[in-house]
>>> print(open('model.txt').read())   # compact mmCIF, C-alpha atoms
# COMPACT_ATOMS: atom_id res chain seq x y z
CA MET D 1 -142.25 -55.69 142.58
CA ASN D 2 -139.07 -54.72 144.34
CA HIS D 3 -135.92 -53.55 142.55
CA PHE D 4 -133.71 -53.95 145.62
CA ASP D 5 -130.49 -55.69 144.65
CA GLN D 6 -128.22 -55.44 147.70
CA TYR D 7 -127.66 -58.37 150.00
CA ASN D 8 -126.06 -58.99 153.40
CA MET D 9 -127.28 -55.70 154.88
CA LYS D 10 -126.08 -54.92 158.40
CA LEU D 11 -127.97 -53.10 161.13
CA SER D 12 -125.34 -50.35 161.41
CA GLN D 13 -126.04 -49.30 157.81
CA PHE D 14 -129.39 -47.93 159.02
CA LYS D 15 -127.88 -45.64 161.62
CA PHE D 16 -128.32 -41.88 161.34
CA ARG D 17 -128.44 -38.92 163.69
CA LEU D 18 -131.97 -37.83 164.59
CA PRO D 19 -132.05 -34.45 166.41
CA ASP D 20 -134.42 -34.29 169.39
CA GLU D 21 -136.18 -31.28 167.91
CA GLN D 22 -137.32 -33.39 164.93
CA ILE D 23 -139.14 -35.91 167.11
CA ALA D 24 -142.77 -34.79 167.06
CA GLN D 25 -144.21 -34.09 170.52
CA PHE D 26 -147.73 -33.40 169.27
CA PRO D 27 -149.49 -33.85 165.91
CA SER D 28 -150.20 -31.27 163.23
CA PRO D 29 -153.39 -29.29 163.96
CA TYR D 30 -155.25 -31.21 161.23
CA ARG D 31 -154.66 -34.90 160.55
CA ASP D 32 -154.35 -34.60 156.78
CA GLU D 33 -152.20 -31.46 156.79
CA ALA D 34 -149.02 -33.05 158.07
CA ARG D 35 -146.18 -32.85 155.56
CA LEU D 36 -145.82 -35.64 153.01
CA LEU D 37 -142.60 -36.63 151.30
CA VAL D 38 -143.32 -38.56 148.10
CA LEU D 39 -140.60 -40.95 146.93
CA HIS D 40 -140.73 -42.53 143.47
CA ARG D 41 -138.97 -45.82 143.98
CA LYS D 42 -138.12 -46.42 140.33
CA SER D 43 -136.32 -43.11 139.83
CA GLY D 44 -135.54 -41.88 143.32
CA GLU D 45 -137.37 -38.61 142.57
CA ILE D 46 -138.66 -36.77 145.66
CA GLU D 47 -141.61 -34.39 145.95
CA HIS D 48 -142.83 -32.35 148.92
CA LYS D 49 -146.58 -32.30 149.52
CA LEU D 50 -149.19 -32.46 152.29
CA VAL D 51 -150.94 -35.67 153.36
CA LYS D 52 -154.21 -34.52 151.79
CA ASP D 53 -152.44 -34.54 148.39
CA VAL D 54 -152.11 -38.34 148.54
CA VAL D 55 -155.36 -38.66 146.57
CA THR D 56 -153.69 -37.22 143.45
CA TYR D 57 -151.38 -40.24 143.14
CA PHE D 58 -154.22 -42.76 142.83
CA GLY D 59 -157.33 -43.30 140.76
CA GLU D 60 -160.60 -45.15 140.46
CA GLY D 61 -160.37 -48.81 141.42
CA ASP D 62 -157.20 -48.39 143.46
CA LEU D 63 -157.16 -49.80 146.98
CA PHE D 64 -156.00 -48.42 150.34
CA VAL D 65 -155.47 -50.93 153.16
CA LEU D 66 -155.65 -49.38 156.64
CA ASN D 67 -155.59 -50.68 160.21
CA ASP D 68 -158.81 -50.53 162.25
CA THR D 69 -157.28 -51.58 165.58
CA LYS D 70 -158.23 -49.52 168.62
CA VAL D 71 -155.71 -48.40 171.21
CA PHE D 72 -156.76 -48.91 174.81
CA PRO D 73 -155.51 -46.72 177.71
CA ALA D 74 -152.77 -49.11 178.76
CA ARG D 75 -150.63 -46.97 181.06
CA LEU D 76 -151.73 -46.99 184.71
CA TYR D 77 -150.22 -45.60 187.89
CA ALA D 78 -150.43 -47.41 191.22
CA LYS D 79 -149.11 -47.39 194.79
CA LYS D 80 -147.34 -50.37 196.28
CA GLU D 81 -148.79 -51.66 199.53
CA LYS D 82 -147.02 -50.64 202.78
CA THR D 83 -144.32 -48.45 201.15
CA MET D 84 -146.80 -46.59 198.89
CA ALA D 85 -144.04 -46.32 196.29
CA ASN D 86 -145.17 -45.07 192.86
CA ILE D 87 -145.41 -47.88 190.30
CA GLU D 88 -146.19 -47.68 186.60
CA ILE D 89 -148.25 -50.55 185.18
CA PHE D 90 -148.36 -51.02 181.42
CA LEU D 91 -151.14 -53.37 180.32
CA LEU D 92 -150.06 -55.68 177.50
CA ARG D 93 -152.92 -58.13 177.04
CA GLU D 94 -155.75 -59.76 178.92
CA LEU D 95 -155.01 -63.41 179.67
CA ASN D 96 -158.31 -64.47 181.23
CA HIS D 97 -161.35 -62.18 181.27
CA ASP D 98 -163.29 -64.05 183.96
CA MET D 99 -160.29 -64.42 186.28
CA ARG D 100 -159.12 -60.87 185.47
CA TYR D 101 -155.58 -61.97 184.70
CA TRP D 102 -153.44 -59.51 182.72
CA ASP D 103 -149.95 -59.67 181.24
CA VAL D 104 -148.23 -56.37 182.14
CA LEU D 105 -144.94 -54.52 182.45
CA VAL D 106 -144.07 -52.79 185.71
CA ASP D 107 -141.61 -49.99 186.45
CA PRO D 108 -139.52 -49.99 188.58
CA ALA D 109 -139.59 -53.77 188.32
CA ARG D 110 -137.00 -54.48 191.02
CA LYS D 111 -139.52 -53.45 193.70
CA ILE D 112 -142.32 -55.73 192.52
CA ARG D 113 -142.39 -59.36 193.65
CA ILE D 114 -144.90 -62.19 193.61
CA GLY D 115 -147.51 -61.62 196.31
CA ASN D 116 -147.22 -57.81 196.28
CA LYS D 117 -150.42 -55.82 196.05
CA LEU D 118 -150.75 -52.58 194.06
CA PHE D 119 -153.47 -50.00 194.72
CA LEU D 120 -154.84 -48.34 191.59
CA ASP D 121 -157.14 -45.78 193.20
CA GLU D 122 -157.49 -44.01 196.53
CA ASP D 123 -160.57 -46.01 197.50
CA THR D 124 -158.83 -49.33 196.71
CA THR D 125 -161.86 -50.42 194.69
CA ILE D 126 -159.37 -52.17 192.40
CA VAL D 127 -156.29 -53.92 193.78
CA ALA D 128 -153.74 -55.72 191.59
CA GLU D 129 -152.01 -58.78 193.03
CA VAL D 130 -148.75 -59.97 191.47
CA ILE D 131 -149.08 -63.73 190.82
CA ASP D 132 -146.16 -64.45 188.46
CA ASN D 133 -142.96 -63.12 186.87
CA THR D 134 -142.76 -63.37 183.07
CA THR D 135 -139.69 -61.36 182.03
CA SER D 136 -137.33 -58.92 183.76
CA ARG D 137 -140.06 -56.25 183.73
CA GLY D 138 -143.01 -58.50 182.98
CA ARG D 139 -145.55 -59.65 185.54
CA THR D 140 -148.91 -61.40 185.60
CA LEU D 141 -151.47 -59.51 187.66
CA ARG D 142 -154.81 -60.61 189.06
CA PHE D 143 -157.16 -57.70 189.60
CA LEU D 144 -159.33 -57.91 192.71
CA THR D 145 -162.58 -55.93 192.75
CA ASP D 146 -166.29 -56.15 193.50
CA TYR D 147 -167.14 -54.88 190.01
CA ASP D 148 -168.65 -57.31 187.53
CA ASN D 149 -166.58 -58.04 184.40
CA ALA D 150 -168.06 -55.29 182.21
CA GLU D 151 -167.83 -52.68 184.98
CA PHE D 152 -164.30 -53.78 185.82
CA THR D 153 -162.97 -53.31 182.29
CA GLN D 154 -164.71 -49.96 181.94
CA TYR D 155 -163.34 -48.70 185.25
CA LEU D 156 -159.85 -50.06 184.58
CA TYR D 157 -159.70 -48.18 181.28
CA SER D 158 -161.03 -45.02 182.95
CA LEU D 159 -157.97 -45.07 185.24
CA GLY D 160 -155.58 -45.50 182.32
CA ASN D 161 -153.76 -43.09 180.05
CA MET D 162 -153.12 -43.39 176.33
CA PRO D 163 -149.87 -45.37 175.92
CA LEU D 164 -147.76 -42.73 174.23
CA PRO D 165 -144.21 -43.82 173.43
CA LYS D 166 -141.63 -42.58 175.92
CA TYR D 167 -140.09 -40.16 173.42
CA ILE D 168 -143.34 -38.16 173.54
CA ARG D 169 -142.74 -36.37 176.81
CA ARG D 170 -145.67 -35.91 179.16
CA PRO D 171 -145.68 -33.55 180.89
CA MET D 172 -144.08 -31.36 178.25
CA ASP D 173 -140.99 -29.26 178.79
CA GLU D 174 -141.49 -25.49 178.76
CA GLN D 175 -140.51 -24.91 175.13
CA THR D 176 -142.75 -27.70 173.86
CA ARG D 177 -145.63 -26.55 176.05
CA VAL D 178 -145.49 -23.02 174.61
CA ALA D 179 -145.56 -24.41 171.06
CA PHE D 180 -148.42 -26.74 172.00
CA GLU D 181 -150.53 -23.93 173.48
CA ALA D 182 -150.02 -21.87 170.34
CA ALA D 183 -151.20 -24.78 168.15
CA TYR D 184 -153.99 -25.94 170.49
CA PRO D 185 -155.12 -22.93 172.56
CA GLU D 186 -158.26 -24.61 173.98
CA THR D 187 -157.13 -28.24 174.35
CA THR D 188 -155.40 -30.06 177.21
CA GLU D 189 -152.65 -32.61 176.58
CA LYS D 190 -154.91 -35.43 177.79
CA GLU D 191 -157.76 -34.36 175.50
CA LEU D 192 -155.41 -34.12 172.53
CA ASP D 193 -153.88 -37.57 173.11
CA GLU D 194 -157.25 -39.26 173.64
CA GLU D 195 -158.45 -37.95 170.28
CA ARG D 196 -155.34 -37.91 168.11
CA TYR D 197 -153.53 -41.06 169.33
CA GLN D 198 -156.44 -42.97 167.85
CA THR D 199 -157.53 -43.35 164.22
CA ILE D 200 -160.95 -42.08 163.14
CA PHE D 201 -161.89 -45.65 162.15
CA ALA D 202 -160.60 -47.37 165.31
CA ASN D 203 -162.95 -50.28 165.91
CA LYS D 204 -161.38 -53.39 167.42
CA VAL D 205 -159.80 -52.93 170.85
CA GLY D 206 -156.43 -54.57 171.35
CA ALA D 207 -153.49 -52.27 170.52
CA VAL D 208 -150.99 -50.78 172.97
CA ALA D 209 -149.50 -48.51 170.31
CA ALA D 210 -151.21 -46.50 167.61
CA PRO D 211 -150.99 -47.44 163.93
CA ALA D 212 -149.13 -44.20 163.24
CA ALA D 213 -149.56 -43.98 159.46
CA SER D 214 -153.34 -44.44 159.74
CA LEU D 215 -153.53 -41.51 162.19
CA HIS D 216 -153.16 -39.11 159.24
CA PHE D 217 -156.50 -40.06 157.67
CA SER D 218 -159.28 -37.55 158.40
CA LYS D 219 -163.00 -37.77 157.62
CA GLN D 220 -162.43 -35.26 154.83
CA LEU D 221 -159.58 -37.30 153.32
CA MET D 222 -161.61 -40.51 153.50
CA LYS D 223 -164.45 -38.70 151.68
CA ARG D 224 -162.07 -37.51 148.97
CA LEU D 225 -160.82 -41.07 148.48
CA GLU D 226 -164.45 -42.21 148.12
CA ILE D 227 -165.24 -39.50 145.56
CA ALA D 228 -162.14 -40.50 143.55
CA GLY D 229 -163.34 -44.12 143.49
CA ILE D 230 -160.50 -45.31 145.74
CA GLU D 231 -161.63 -48.13 148.01
CA PRO D 232 -160.64 -48.25 151.71
CA HIS D 233 -160.34 -51.71 153.21
CA PHE D 234 -159.15 -52.76 156.65
CA VAL D 235 -156.99 -55.29 158.39
CA THR D 236 -156.75 -55.52 162.16
CA SER D 237 -153.23 -55.59 163.51
CA ASN D 238 -153.13 -55.19 167.29
CA MET D 239 -149.93 -53.25 167.72
CA ALA D 240 -147.81 -54.79 170.48
CA LEU D 241 -144.73 -53.40 172.20
CA GLY D 242 -142.59 -56.27 170.95
CA ASN D 243 -142.69 -54.88 167.43
CA PHE D 244 -140.83 -51.81 168.69
CA LYS D 245 -138.06 -53.59 170.58
CA PRO D 246 -134.59 -52.42 169.52
CA ILE D 247 -132.75 -54.75 167.18
CA ASP D 248 -129.62 -55.84 169.04
CA VAL D 249 -127.85 -57.96 166.42
CA GLU D 250 -125.73 -56.68 163.53
CA ASP D 251 -126.64 -59.71 161.43
CA LEU D 252 -130.28 -59.06 160.55
CA THR D 253 -130.96 -62.73 159.78
CA LYS D 254 -130.51 -63.46 163.49
CA HIS D 255 -133.16 -61.01 164.73
CA ARG D 256 -136.43 -62.45 166.03
CA THR D 257 -139.44 -60.22 166.53
CA ASP D 258 -142.37 -60.79 168.87
CA SER D 259 -145.76 -61.92 167.60
CA GLU D 260 -148.74 -59.66 166.95
CA GLN D 261 -152.36 -60.63 166.53
CA ILE D 262 -153.76 -59.93 163.06
CA SER D 263 -157.01 -60.46 161.20
CA ILE D 264 -157.44 -60.43 157.40
CA PRO D 265 -161.11 -60.55 156.32
CA GLN D 266 -162.27 -62.36 153.18
CA SER D 267 -163.67 -59.07 151.86
CA LEU D 268 -160.14 -57.66 151.71
CA VAL D 269 -158.82 -60.79 149.99
CA THR D 270 -161.52 -60.43 147.32
CA ALA D 271 -160.77 -56.72 146.86
CA VAL D 272 -156.99 -57.32 146.52
CA ASP D 273 -157.55 -60.12 143.99
CA LYS D 274 -159.79 -57.81 141.96
CA ALA D 275 -157.29 -54.94 142.09
CA HIS D 276 -154.47 -57.21 140.95
CA ALA D 277 -156.59 -58.62 138.11
CA GLN D 278 -157.34 -55.09 136.91
CA GLN D 279 -153.73 -53.95 137.46
CA ARG D 280 -154.82 -51.32 139.94
CA ASN D 281 -152.70 -49.92 142.74
CA VAL D 282 -152.75 -51.39 146.23
CA CYS D 283 -151.42 -49.05 148.93
CA ALA D 284 -150.49 -50.45 152.35
CA VAL D 285 -150.89 -47.82 155.07
CA GLY D 286 -148.37 -48.55 157.81
CA THR D 287 -145.67 -51.15 158.34
CA GLU D 288 -147.97 -53.32 160.45
CA VAL D 289 -150.46 -53.47 157.55
CA MET D 290 -147.71 -54.41 155.10
CA ARG D 291 -146.46 -57.12 157.45
CA ALA D 292 -149.97 -58.54 157.89
CA LEU D 293 -150.55 -58.63 154.13
CA GLU D 294 -147.23 -60.33 153.43
CA HIS D 295 -147.81 -62.87 156.20
CA VAL D 296 -150.88 -64.27 154.45
CA VAL D 297 -149.35 -64.72 150.99
CA GLY D 298 -149.63 -68.40 150.01
CA THR D 299 -147.28 -70.48 147.88
CA ASP D 300 -149.48 -69.60 144.90
CA GLY D 301 -148.82 -65.89 145.40
CA GLN D 302 -152.40 -65.19 146.52
CA ILE D 303 -153.40 -63.87 149.93
CA LYS D 304 -155.76 -65.77 152.24
CA ALA D 305 -158.21 -64.76 154.94
CA TYR D 306 -156.59 -65.23 158.33
CA ASP D 307 -157.18 -64.73 162.03
CA GLY D 308 -154.13 -65.44 164.18
CA TRP D 309 -150.59 -64.29 164.91
CA THR D 310 -147.56 -63.15 162.94
CA ASN D 311 -143.91 -62.70 163.85
CA LYS D 312 -142.80 -61.93 160.30
CA PHE D 313 -139.69 -59.74 160.11
CA ILE D 314 -139.16 -57.97 156.77
CA PHE D 315 -135.75 -56.55 155.93
CA PRO D 316 -133.73 -56.07 152.72
CA PRO D 317 -133.76 -57.82 150.37
CA TYR D 318 -137.41 -58.84 150.13
CA ASP D 319 -139.82 -59.31 147.23
CA PHE D 320 -143.23 -57.82 148.03
CA THR D 321 -146.31 -59.53 146.65
CA VAL D 322 -149.41 -57.57 147.65
CA ALA D 323 -148.89 -53.77 147.66
CA ASN D 324 -147.12 -51.63 145.07
CA SER D 325 -147.29 -48.41 147.11
CA PHE D 326 -146.59 -47.72 150.75
CA PHE D 327 -147.79 -44.91 153.06
CA VAL D 328 -145.69 -44.65 156.22
CA ASN D 329 -144.39 -42.30 158.90
CA PHE D 330 -140.74 -41.42 159.43
CA TYR D 331 -139.14 -44.02 161.69
CA PHE D 332 -136.24 -44.08 164.07
CA PRO D 333 -132.66 -45.14 163.23
CA MET D 334 -132.06 -48.92 163.08
CA SER D 335 -135.75 -49.68 163.70
CA SER D 336 -137.55 -52.67 162.19
CA GLN D 337 -139.97 -50.22 160.55
CA LEU D 338 -137.15 -48.41 158.76
CA LEU D 339 -135.77 -51.74 157.55
CA MET D 340 -139.11 -52.63 156.00
CA VAL D 341 -139.30 -49.27 154.22
CA ALA D 342 -135.80 -49.82 152.82
CA ALA D 343 -136.78 -53.30 151.67
CA PHE D 344 -139.67 -51.76 149.72
CA ALA D 345 -138.07 -48.61 148.31
CA GLY D 346 -134.43 -49.70 148.11
CA PHE D 347 -131.67 -48.88 150.59
CA GLU D 348 -130.06 -45.98 148.74
CA TYR D 349 -133.31 -44.24 147.82
CA THR D 350 -134.67 -44.69 151.35
CA MET D 351 -131.62 -43.33 153.13
CA ASN D 352 -131.38 -40.45 150.67
CA ALA D 353 -135.05 -39.62 151.31
CA TYR D 354 -134.39 -39.68 155.05
CA ASP D 355 -131.40 -37.38 154.58
CA VAL D 356 -133.60 -34.95 152.65
CA ALA D 357 -136.34 -35.20 155.31
CA LEU D 358 -133.85 -34.37 158.05
CA LYS D 359 -132.50 -31.37 156.15
CA GLU D 360 -136.03 -30.15 155.37
CA GLY D 361 -137.17 -30.39 158.99
CA TYR D 362 -139.70 -33.21 158.68
CA LYS D 363 -140.96 -34.56 162.00
CA PHE D 364 -140.36 -38.18 163.05
CA GLY D 365 -142.30 -40.59 165.25
CA ASP D 366 -145.96 -41.45 165.85
CA TYR D 367 -147.09 -37.80 165.79
CA GLY D 368 -144.74 -36.95 162.92
CA ASP D 369 -144.98 -36.39 159.18
CA ALA D 370 -145.59 -38.97 156.47
CA MET D 371 -143.94 -40.54 153.45
CA LEU D 372 -145.60 -42.02 150.36
CA ILE D 373 -143.63 -44.49 148.24
CA VAL D 374 -144.97 -45.05 144.73
CA ASP D 375 -143.55 -46.51 141.53
>>> encode(input="model.txt", output="structure tokens")
Amino acid sequence: MNHFDQYNMKLSQFKFRLPDEQIAQFPSPYRDEARLLVLHRKSGEIEHKLVKDVVTYFGEGDLFVLNDTKVFPARLYAKKEKTMANIEIFLLRELNHDMRYWDVLVDPARKIRIGNKLFLDEDTTIVAEVIDNTTSRGRTLRFLTDYDNAEFTQYLYSLGNMPLPKYIRRPMDEQTRVAFEAAYPETTEKELDEERYQTIFANKVGAVAAPAASLHFSKQLMKRLEIAGIEPHFVTSNMALGNFKPIDVEDLTKHRTDSEQISIPQSLVTAVDKAHAQQRNVCAVGTEVMRALEHVVGTDGQIKAYDGWTNKFIFPPYDFTVANSFFVNFYFPMSSQLLMVAAFAGFEYTMNAYDVALKEGYKFGDYGDAMLIVD
């Protein structure tokens, strides 16, 4: 499905200047009214639309594949025992529910050693004990509390904040705050992030980053897809921080990405097989969805139901098997997400589209605008 014909791509070819003012600090007032750049990958033609216009590019029997993962409030703030120094704890994944072991990142890491205790609330109803080092910033924590398991998880999440990427500045600077208050006169930052850094169909808890492309889908847009006979189906891809690690090698064949947990239900497999048989469109919404779909392609070219992990890294050139259209956000320079987009749409067309987006003032990042790639 891919017309990409350039080989031996280097990381530096995906470098461009992204002005700070084009990194979205908050979303558009309505999910489906963010801007949408439409790129036709056979001709390179570009159109400028709104997200809600995506319906007009598809028809009855076409398929949209979205991500139903649910982001949990992974960013916590604690005090270190004795010194009472401020420590940020970023929850990555639960290792043992009964023992209350969690894999986390801590900042500043140099102050946190095995045996240290961290206080998460003023009443010390939950105390985190450091029991192991995993990476330079990584630690294993054991949470100590009198709560039972269900109460513990609920209370832990109540202490947390939505894990916005660092480029979304909280608290906001003065200029951003003024713009925010004009767009959201009766909403606090916390209220906005709790609602909008989560998809409307979030269902399965496990992500520490939002599936950004799926954030654009509103109840109204989902209804319009239904009326048009366009079927929504879901994968679960629990977005992990490792997928966003900077690529630090010029030779892309040497990059290794971290694993993410994915689930592909049989119902989706059946729907994709039917769409292919009827030569209907299959649209992958988000790079994590595309990666999950490509991970489960068998040697016979068919996808299989799957529940496990993937560390698949897609970069140009790559022949895509499942989807023939791609709905994405605008990604950062030299990111793995940008590389996947270029593998799908072609390097020259992708970088030209990004150049146009920059000149036209499109917003980048998780709260930014969107891009639809069609034939």
>>> residues_around(input="model.txt", residues="D:Ser43", least_positions_apart="4", cutoff="9 Å", atoms="all atoms listed in the file", output="ChimeraX atom specification")
/D:39,349,375
>>> residues_around(input="model.txt", residues="D:Asn329", least_positions_apart="5", cutoff="8 Å", atoms="all atoms listed in the file", output="JSON, numbers by chain")
{"D": [212, 213, 286, 364, 365, 366, 368, 369, 370, 371]}
>>> closest_residue(input="model.txt", among="D:Val297, D:Leu141, D:Ile200, D:Leu118", to="D:Thr83", atoms="only C-alpha atoms")
D:Leu118
>>> closest_residue(input="model.txt", among="D:Val356, D:Glu260, D:Asn116, D:Pro246", to="D:Phe332", atoms="all atoms listed in the file")
D:Pro246
>>> residues_around(input="model.txt", residues="stretch 135-139 of chain D", least_positions_apart="6", cutoff="10 Å", atoms="only C-alpha atoms", output="list in words")
Ile89, Phe90, Leu91, Leu92, Trp102, Asp103, Val104, Leu105, Val106, Asp107, Pro108, Ala109, Arg110, Ile112, Arg113, Ile114 and Glu129 of chain D
>>> write_last_selection(input="model.txt", atoms="C-alpha atoms", output="mmCIF file, in the coordinates of the input")
data_model
loop_
_atom_site.group_PDB
_atom_site.id
_atom_site.type_symbol
_atom_site.label_atom_id
_atom_site.label_comp_id
_atom_site.auth_asym_id
_atom_site.auth_seq_id
_atom_site.Cartn_x
_atom_site.Cartn_y
_atom_site.Cartn_z
ATOM 1 C CA ILE D 89 -148.250 -50.550 185.180
ATOM 2 C CA PHE D 90 -148.360 -51.020 181.420
ATOM 3 C CA LEU D 91 -151.140 -53.370 180.320
ATOM 4 C CA LEU D 92 -150.060 -55.680 177.500
ATOM 5 C CA TRP D 102 -153.440 -59.510 182.720
ATOM 6 C CA ASP D 103 -149.950 -59.670 181.240
ATOM 7 C CA VAL D 104 -148.230 -56.370 182.140
ATOM 8 C CA LEU D 105 -144.940 -54.520 182.450
ATOM 9 C CA VAL D 106 -144.070 -52.790 185.710
ATOM 10 C CA ASP D 107 -141.610 -49.990 186.450
ATOM 11 C CA PRO D 108 -139.520 -49.990 188.580
ATOM 12 C CA ALA D 109 -139.590 -53.770 188.320
ATOM 13 C CA ARG D 110 -137.000 -54.480 191.020
ATOM 14 C CA ILE D 112 -142.320 -55.730 192.520
ATOM 15 C CA ARG D 113 -142.390 -59.360 193.650
ATOM 16 C CA ILE D 114 -144.900 -62.190 193.610
ATOM 17 C CA GLU D 129 -152.010 -58.780 193.030
#
>>> atom_distance(input="model.txt", atom1="atom CA of D:Gly361", atom2="atom CA of D:Gln22")
6.7 Å
>>> build_atoms(input="model.txt", residues="stretch 120-127 of chain D", atoms="all heavy atoms", output="PDB file, in the coordinates of the input")
ATOM      1  N   LEU D 120    -154.686 -49.156 192.792  1.00  0.00           N
ATOM      2  CA  LEU D 120    -154.840 -48.340 191.590  1.00  0.00           C
ATOM      3  C   LEU D 120    -155.649 -47.064 191.826  1.00  0.00           C
ATOM      4  O   LEU D 120    -155.611 -46.154 191.002  1.00  0.00           O
ATOM      5  CB  LEU D 120    -155.506 -49.152 190.462  1.00  0.00           C
ATOM      6  CG  LEU D 120    -154.541 -49.999 189.640  1.00  0.00           C
ATOM      7  CD1 LEU D 120    -154.094 -51.235 190.385  1.00  0.00           C
ATOM      8  CD2 LEU D 120    -155.166 -50.382 188.305  1.00  0.00           C
ATOM      9  N   ASP D 121    -156.397 -47.005 192.913  1.00  0.00           N
ATOM     10  CA  ASP D 121    -157.140 -45.780 193.200  1.00  0.00           C
ATOM     11  C   ASP D 121    -157.165 -45.566 194.708  1.00  0.00           C
ATOM     12  O   ASP D 121    -156.850 -46.461 195.498  1.00  0.00           O
ATOM     13  CB  ASP D 121    -158.552 -45.833 192.616  1.00  0.00           C
ATOM     14  CG  ASP D 121    -159.367 -47.021 193.139  1.00  0.00           C
ATOM     15  OD1 ASP D 121    -158.857 -47.752 194.018  1.00  0.00           O
ATOM     16  OD2 ASP D 121    -160.494 -47.228 192.673  1.00  0.00           O
ATOM     17  N   GLU D 122    -157.534 -44.366 195.106  1.00  0.00           N
ATOM     18  CA  GLU D 122    -157.490 -44.010 196.530  1.00  0.00           C
ATOM     19  C   GLU D 122    -158.446 -44.826 197.366  1.00  0.00           C
ATOM     20  O   GLU D 122    -158.195 -45.092 198.544  1.00  0.00           O
ATOM     21  CB  GLU D 122    -157.782 -42.513 196.692  1.00  0.00           C
ATOM     22  CG  GLU D 122    -156.684 -41.604 196.133  1.00  0.00           C
ATOM     23  CD  GLU D 122    -156.971 -40.146 196.383  1.00  0.00           C
ATOM     24  OE1 GLU D 122    -158.035 -39.852 196.981  1.00  0.00           O
ATOM     25  OE2 GLU D 122    -156.145 -39.305 195.988  1.00  0.00           O
ATOM     26  N   ASP D 123    -159.556 -45.258 196.773  1.00  0.00           N
ATOM     27  CA  ASP D 123    -160.570 -46.010 197.500  1.00  0.00           C
ATOM     28  C   ASP D 123    -160.291 -47.513 197.511  1.00  0.00           C
ATOM     29  O   ASP D 123    -161.061 -48.281 198.099  1.00  0.00           O
ATOM     30  CB  ASP D 123    -161.952 -45.757 196.909  1.00  0.00           C
ATOM     31  CG  ASP D 123    -162.348 -44.293 196.981  1.00  0.00           C
ATOM     32  OD1 ASP D 123    -161.945 -43.632 197.958  1.00  0.00           O
ATOM     33  OD2 ASP D 123    -163.035 -43.828 196.066  1.00  0.00           O
ATOM     34  N   THR D 124    -159.214 -47.909 196.845  1.00  0.00           N
ATOM     35  CA  THR D 124    -158.830 -49.330 196.710  1.00  0.00           C
ATOM     36  C   THR D 124    -159.985 -50.183 196.209  1.00  0.00           C
ATOM     37  O   THR D 124    -160.177 -51.314 196.654  1.00  0.00           O
ATOM     38  CB  THR D 124    -158.256 -49.905 198.031  1.00  0.00           C
ATOM     39  OG1 THR D 124    -159.274 -49.904 199.041  1.00  0.00           O
ATOM     40  CG2 THR D 124    -157.054 -49.127 198.495  1.00  0.00           C
ATOM     41  N   THR D 125    -160.789 -49.625 195.282  1.00  0.00           N
ATOM     42  CA  THR D 125    -161.860 -50.420 194.690  1.00  0.00           C
ATOM     43  C   THR D 125    -161.307 -51.440 193.703  1.00  0.00           C
ATOM     44  O   THR D 125    -161.981 -52.412 193.367  1.00  0.00           O
ATOM     45  CB  THR D 125    -162.885 -49.512 193.967  1.00  0.00           C
ATOM     46  OG1 THR D 125    -162.174 -48.649 193.067  1.00  0.00           O
ATOM     47  CG2 THR D 125    -163.664 -48.679 194.963  1.00  0.00           C
ATOM     48  N   ILE D 126    -160.074 -51.185 193.218  1.00  0.00           N
ATOM     49  CA  ILE D 126    -159.370 -52.170 192.400  1.00  0.00           C
ATOM     50  C   ILE D 126    -157.964 -52.344 192.965  1.00  0.00           C
ATOM     51  O   ILE D 126    -157.230 -51.365 193.115  1.00  0.00           O
ATOM     52  CB  ILE D 126    -159.281 -51.758 190.918  1.00  0.00           C
ATOM     53  CG1 ILE D 126    -160.666 -51.749 190.276  1.00  0.00           C
ATOM     54  CG2 ILE D 126    -158.377 -52.707 190.155  1.00  0.00           C
ATOM     55  CD1 ILE D 126    -160.656 -51.444 188.791  1.00  0.00           C
ATOM     56  N   VAL D 127    -157.626 -53.582 193.277  1.00  0.00           N
ATOM     57  CA  VAL D 127    -156.290 -53.920 193.780  1.00  0.00           C
ATOM     58  C   VAL D 127    -155.697 -54.959 192.830  1.00  0.00           C
ATOM     59  O   VAL D 127    -156.374 -55.904 192.424  1.00  0.00           O
ATOM     60  CB  VAL D 127    -156.356 -54.477 195.213  1.00  0.00           C
ATOM     61  CG1 VAL D 127    -154.970 -54.896 195.690  1.00  0.00           C
ATOM     62  CG2 VAL D 127    -156.969 -53.446 196.155  1.00  0.00           C
TER      63      VAL D 127
END
